[in-house]
Amino acid sequence: MSEADDKMLARLDALDTLEPGELLPCPFCGGTAERIDFQDEEVEPDNFGGSCISCTQCHVSTAVVFGFKETLHSSWNERVRTK
Ligand SMILES: [Zn+2]
């Protein structure tokens with residue numbers, strides 16, 4: 001089994017043991033993910049009031065979610081799983 005396979009398996013294991021609200025590392029660069037809430041209407045008029053999960057290193061992100069945000073973290077974590 002290759003090293004890449006080992007890493008993938010470690011990710012899947014991590015997904016099973018995630019705490020609520022916990023975010024997996026970025027699937028692309030391994031960077032730390034963070035939730036971004038768009039709260040400045042002047043800077044982000046299109047995304048104002050929405051939230052997304054974004055990598056702090058390569059800045060890949062989920063779609064911006066408005067209103068119903070319970071799926072926000074899982075949408076990021078599912079993306080990591082299905083890379
Ligand atoms: Zn990244």
# chains A, B, ... in the order shown; residues from 1 in each chain; ligands from 1
call {"tool": "residues_near_ligand", "arguments": {"ligand": "ligand 1", "cutoff": "9 Å", "atoms": "only C-alpha atoms and all ligand atoms", "output": "list in words"}}
result
Pro25, Cys26, Pro27, Phe28, Cys29, Gly30, Gly31, Thr32, Ala33, Ser54, Cys55, Thr56, Gln57, Cys58, His59, Val60 and Ser61 of chain A
call {"tool": "select_by_dssp", "arguments": {"residues": "chain A", "states": "helix (DSSP H, G or I)", "output": "PyMOL selection string"}}
result
chain A and resi 3-16+72-81
call {"tool": "closest_residue", "arguments": {"among": "A:Val64, A:Glu19, A:Arg79, A:Leu24", "to": "A:Ile36", "atoms": "only C-alpha atoms"}}
result
A:Val64
call {"tool": "closest_residue", "arguments": {"among": "A:Val65, A:Leu23, A:Val43, A:Cys52", "to": "A:Val80", "atoms": "only C-alpha atoms"}}
result
A:Leu23
call {"tool": "select_by_dssp", "arguments": {"residues": "chain A", "states": "strand (DSSP E)", "output": "number ranges by chain"}}
result
A: 33-37, 51-55
call {"tool": "atom_distance", "arguments": {"atom1": "atom CA of A:Glu22", "atom2": "atom CA of A:Leu72"}}
result
11.0 Å
call {"tool": "residues_around", "arguments": {"residues": "A:Lys69", "least_positions_apart": "4", "cutoff": "12 Å", "atoms": "only C-alpha atoms", "output": "PyMOL selection string"}}
result
chain A and resi 21+35-37+49-53+62-65+73-76
call {"tool": "closest_residue", "arguments": {"among": "A:Ser2, A:Arg81, A:Phe66, A:Pro20", "to": "A:Phe38", "atoms": "only C-alpha atoms"}}
result
A:Phe66
call {"tool": "atom_distance", "arguments": {"atom1": "atom CA of A:Gly67", "atom2": "atom CA of A:Phe48"}}
result
11.2 Å
